[in-house]
Amino acid sequence: MDALIVYGLSMGLVLFLLAVGLTMIFGMLDIINFAHGALYMLGAYIGYTILRIVGNYWIALAIAPLIVGLIGSLMEATTLRPLYKRSVLYQLVLTYGLALIVEDVIKFFWGTNQVPFDTPKILAGSLQILGITMPIYRIFVIIFVALIIGGLFILMEKTKAGIIIRASSSNRSMSQCMGISVKKVFTGTFFLGTAMAGLSGVISALMVPVNPGMGIMIIIDSFVVVALGGLGSLKGAFFAALLVGEAQAFGSYFFPDYSAFSIYIVMLIVFLLRPQGFWGEIRIHK
Amino acid sequence: MRKKKSSKMQKSKGVEQSGSLISRRQFLKSVGAASVGSSALFGRTPWVFAQSEKFKIGGVLTFTGSFAPLGVGMRNGVLLAIKDVGGKILGREIELMWADDEMKTMVSVEKTKKFIADKANLIYGAVSSACTFAISDLCRSNKVLQLSTISTMPDITKKGHRYIFRTSIHQDAENYTTAKAVKNKGFKSVYLFCHDYKVSRDAMAFFSDFFKENGIKVLGAVAYPLTQTEFSVYIHKAMESQAEAICILATGAANVNFIKQAAHFDLHKKAFIFGAVLLDDNDAAALGDIGLGMETSVRYSWNHDIPTNRIFVEKFKKEYGRVPTAWEGEAYDGMMWFLKIVRQTDSMDVEKWVEAFEKSTYPESIKGPRIMRECDHQALQSGLWARVVKTPDVPFHYLKVVNSLPQEEIFEACPKDPKDWPSRRT
C-alpha cells in the first residue's frame with residue numbers, strides 16, 4: 001500500500017509537470033493551447049540533439065526548455081496576438097494548426113523513427129527506501145517538480161513580475177493605463193508556459209519513447225488535469241494531478257485490466273460535485 | 001408522331017457541337033478517324049494509347065500519430081520496389097496514390113472507396129489489423145486485389161476471401177515461433193502483459209495455456225489500454241511476484257515505454273524479458289544498453305544472412321543510407337512478389353492475378369523461398385527469433401537472428417476440404 005501511494009505521488013507529479021504550462025497559459029491568457037503536446041515533444045527532440053552534441057543530459061535539460069520557450073513566444077507574438085480580440089474558436093483552430101506544423105517540422109528534421117534517449121548514470125537504477133523499490137529517476141522527478149512548484153509560487157505570489165502577470169490577466173485595460181506593456185507580459189507568460197512544456201518533454205524523454213506520436217499521448221491526460229483542477233488554476237492542477245496519479249496507481253494495482261477507467265471515474269465524481277473543478281470559476285459567456 | 005420521337009431520341013443521344021447536333025455514331029466515327037489519322041501521322045497505333053493507361057496502386061497507410069513510422073517505412077519499401085521494376089508494369093506507368101488512414105477504420109474505408117472510384121488496380125494496406133479488416137470487404141465486393149504486408153490479425157486471412165493476400169507473418173505464427181524458441185530457456189515462472197485488444201488478448205490466452213502445459217507457472221497477467229504510458233505499478237506487481245521471466249505481447253512504441261520504465265526499477269537485470277514482436281531494430285537502437293539480451297520474434301531482419309536479403313539490404317542502403325526496418329523489408333518483398341505475378345500473367349485481369357498469386361512460389365524472396373497458400377492466401381515463411389545485441393561491426397544496438405524455425409512448425413495446416421477454404425469466398 002505504501003508503495004502505491006509513493007508511485008501515485010510520482011505519477012501525479014509527472015502529470016502536473018505535463019499540465020502546468022497548459023494551465024498557466026489558460027489561466028493568464030485565456031488560451032487553450034492545443035500545441036502544448038507538440039511543444040512538449042519538440043522539447044524532447046531538441047534535448048536529444050543537445051545531448052548528442054554535448055553528451056550531457058543536464059545541459060540539455062537547461063537549454064532545450066529555453067529554446068522551446070523562445071519558439072513559443074515567437075508563435076504568440078506573430079500568430080496569436082492578432083487573435084486576442086476574436087472568438088476563442090479562432091485560437092483553438094490556430095493552436096491546433098500550430099501543433100500540426102510543429103509535428104511536421106519534427107518529422108522533417110528528425111524523421112519519423114524514434115530516437116534514443118538514455119537515462120544518465122546518476123538517475124539509473126533504483127533504491128530501497130523503507131522496503132519500497134524506488135527508481136532514482138522517480139525520486140529526482142519528485143524533488144524537481146517540488147522545486148518547480150516552489151519556484152512558480154514564489155514567482156507568482158512574491159515577486160513584482162508575478163503581480164504584473166496577475167494584474168494583466170485580471171484587467172488588461174487597467175494594467176495598460178498603469179503603464180504595463182500587456183503585450184510583453186503575455187509574450188513572457190507564453191514563454192514561461194511553453195518552456196514548461198519543453199522542460200517536461202526533456203524529463204519525460206527518459207521514461208517514454210521519443211517519437212512523433214509522443215505529444216498526442218500526453219495531451220488528453222494534461223487536459224484532464226487542467227479541467228479537474230479548474231481551468232487556469234495552478235493550485236487546482238496540482239491537486240488534480242495528485243488525485244489522478246493516486247487513482248491511476250490504485251486502479252492499476254487492484255483493477256489492472258480496467259485501470260483507464262479509474263481516471264474517468266474520478267473525473268465523473270468531481271464534475272458531478274463541482275462542475276467548475278477544484279479551484280475553477282463558473283464563467284458565463286454572454 | 002414517330003418522326004417527333006425519333007428526333008427527340010436523336011437529341012438525347014446527340015453531342016452538342018458548335019450549336020449543331022451530331023449523333024453518337026457520327027461522333028465516335030470522327031474520333032476514331034482522328035485517332036487513326038494521328039497514329040498515321042505520329043507513327044503510333046491506337047493500341048499504344050490504350051497501353052499508356054496507368055497502373056494504379058492505392059496505398060492506405062498510417063502516416064500520422066505514433067504508428068506513422070510503420071506507414072512511412074512501408075511506403076519506403078514500396079517506392080524501392082517500384083524503382084526496381086523501372087516504374088512500369090506491362091508497359092504501363094505505375095501511379096502510386098497514398099492516403100493517411102490516421103489508424104481509424106472509418107477513415108481507411110473512406111480513403112479506400114476513393115481509390116476504388118479512381119480505378120485503383122491494387123489496394124495496398126492498411127497498417128493496423130482493424131483497418132485492414134475494415135477495407136477488406138470493400139475490396140471483395142469491388143473485386144479489387146488487396147495486398148497486406150504488415151497486419152497481424154490471423155482472421156485477415158483465416159476469414160479472408162478471394163481478393164485478399166497477405167505476404168507477411170500473422171500473430172498465431174509469431175506466437176508459435178516465440179513459444180518454441182523460449183520453451184527450453186529454463187525459466188520456471190512468467191508474468192504476462194498484453195495490450196487490451198483482440199489480437200493481443202488472444203496471444204495472451206495462447207501463451208497462458210502454453211506455459212501451463214509446459215510446467216511454467218503464470219504468476220500474473222495484465223492487459224493494459226493502448227493509450228497507457230505509465231507502467232510503474234504494473235512493473236511493481238511483476239517484481240512483487242518474483243517472476244523469472246516477463247512476456248510482453250503488446251506492440252509498437254508502448255513496449256519501449258514499458259521497458260524504459262522497467263529499467264528504472266532494474267527489472268531487466270532481474271528477469272528475462274521477451275515477447276512476440278517485442279521490439280524491432282529501431283526500438284533496439286532507441287533502448288541502447290538496457291535492451292541487451294532481450295529476445296523477440298521478428299518478421300524480417302536485415303541481418304538474416306541469405307543471398308537474396310544481402311542484395312536487398314545493399315540496395316536499400318544505397319537508396320536510403322541505412323539498413324531497412326522490418327516494415328520496409330516486408331513492404332518491398334510483398335510488392336515485388338505481386339508485381340512478379342502481374343508480369344507473369346501478362347494481363348490486367350484481376351481474376352488471372354488471383355489464380356496465379358494463390359498458386360505461386362517466390363524463390364527470390366528476401367526472407368528465403370516462400371509459398372503462397374491456396375487455401376487462405378497466407379504466405380508461409382520461417383519463424384525468426386532474435387536477440388538484442390551490440391557488435392563492433394554495427395554502430396548501434398540491433399536484433400540479431402539467433403534461431404530460425406521451419407515454416408511447417410509455425411503455421412497451422414489448411415482445412416482439408418476446399419469448400420472450407422476462405423479463398424473460395426467471392
# chains A, B, ... in the order shown; residues from 1 in each chain; ligands from 1
>>> interface_residues(of="chain B", to="chain A", cutoff="9 Å", atoms="only C-alpha atoms", output="count of residues only")
45
>>> select_by_dssp(residues="range 93-279 of chain A", states="helix (DSSP H, G or I)", output="PyMOL selection string")
chain A and resi 93-110+121-123+136-158+160-170+172-177+182-204+214-229+234-254+256-273
>>> residues_around(residues="range 375-381 of chain B", least_positions_apart="4", cutoff="6 Å", atoms="only C-alpha atoms", output="PyMOL selection string")
chain B and resi 157+165-167+358+370-371+407+421-423
>>> residues_around(residues="Asp305 in chain B", least_positions_apart="4", cutoff="10 Å", atoms="only C-alpha atoms", output="mmCIF file with N, CA and C atoms, in the first residue's frame")
data_model
loop_
_atom_site.group_PDB
_atom_site.id
_atom_site.type_symbol
_atom_site.label_atom_id
_atom_site.label_comp_id
_atom_site.auth_asym_id
_atom_site.auth_seq_id
_atom_site.Cartn_x
_atom_site.Cartn_y
_atom_site.Cartn_z
ATOM 1 N N SER B 301 14.424 -9.600 -40.904
ATOM 2 C CA SER B 301 15.590 -8.915 -40.342
ATOM 3 C C SER B 301 16.615 -8.626 -41.422
ATOM 4 N N ASN B 309 18.615 -11.575 -49.425
ATOM 5 C CA ASN B 309 18.497 -10.494 -48.442
ATOM 6 C C ASN B 309 19.733 -9.595 -48.456
ATOM 7 N N ARG B 310 20.900 -10.220 -48.633
ATOM 8 C CA ARG B 310 22.137 -9.415 -48.680
ATOM 9 C C ARG B 310 22.058 -8.404 -49.829
ATOM 10 N N ILE B 366 13.261 -12.031 -50.026
ATOM 11 C CA ILE B 366 14.358 -11.645 -49.129
ATOM 12 C C ILE B 366 14.268 -12.389 -47.796
ATOM 13 N N LYS B 367 13.177 -13.155 -47.609
ATOM 14 C CA LYS B 367 13.038 -13.974 -46.396
ATOM 15 C C LYS B 367 13.383 -15.436 -46.679
ATOM 16 N N GLY B 368 13.855 -15.739 -47.877
ATOM 17 C CA GLY B 368 14.084 -17.129 -48.278
ATOM 18 C C GLY B 368 12.902 -17.613 -49.104
ATOM 19 N N VAL B 401 19.397 -12.260 -35.569
ATOM 20 C CA VAL B 401 18.639 -13.512 -35.681
ATOM 21 C C VAL B 401 19.486 -14.643 -35.096
#
>>> closest_residue(among="B:Thr149, B:Ser200, B:Ser128, B:Asn142", to="Glu328 in chain B", atoms="only C-alpha atoms")
B:Thr149
>>> atom_distance(atom1="CA of Ile123 in chain B", atom2="CA of Gly58 in chain B")
4.9 Å
>>> residues_around(residues="range 176-182 of chain B", least_positions_apart="5", cutoff="6 Å", atoms="only C-alpha atoms", output="MDAnalysis selection string")
chainID B and resid 276 297 383 410
>>> residues_around(residues="range 185-189 of chain A", least_positions_apart="6", cutoff="12 Å", atoms="only C-alpha atoms", output="ChimeraX atom specification")
/A:21-31,66,69-81,84,152,155-156,161-169,172,175-176,179,195-196
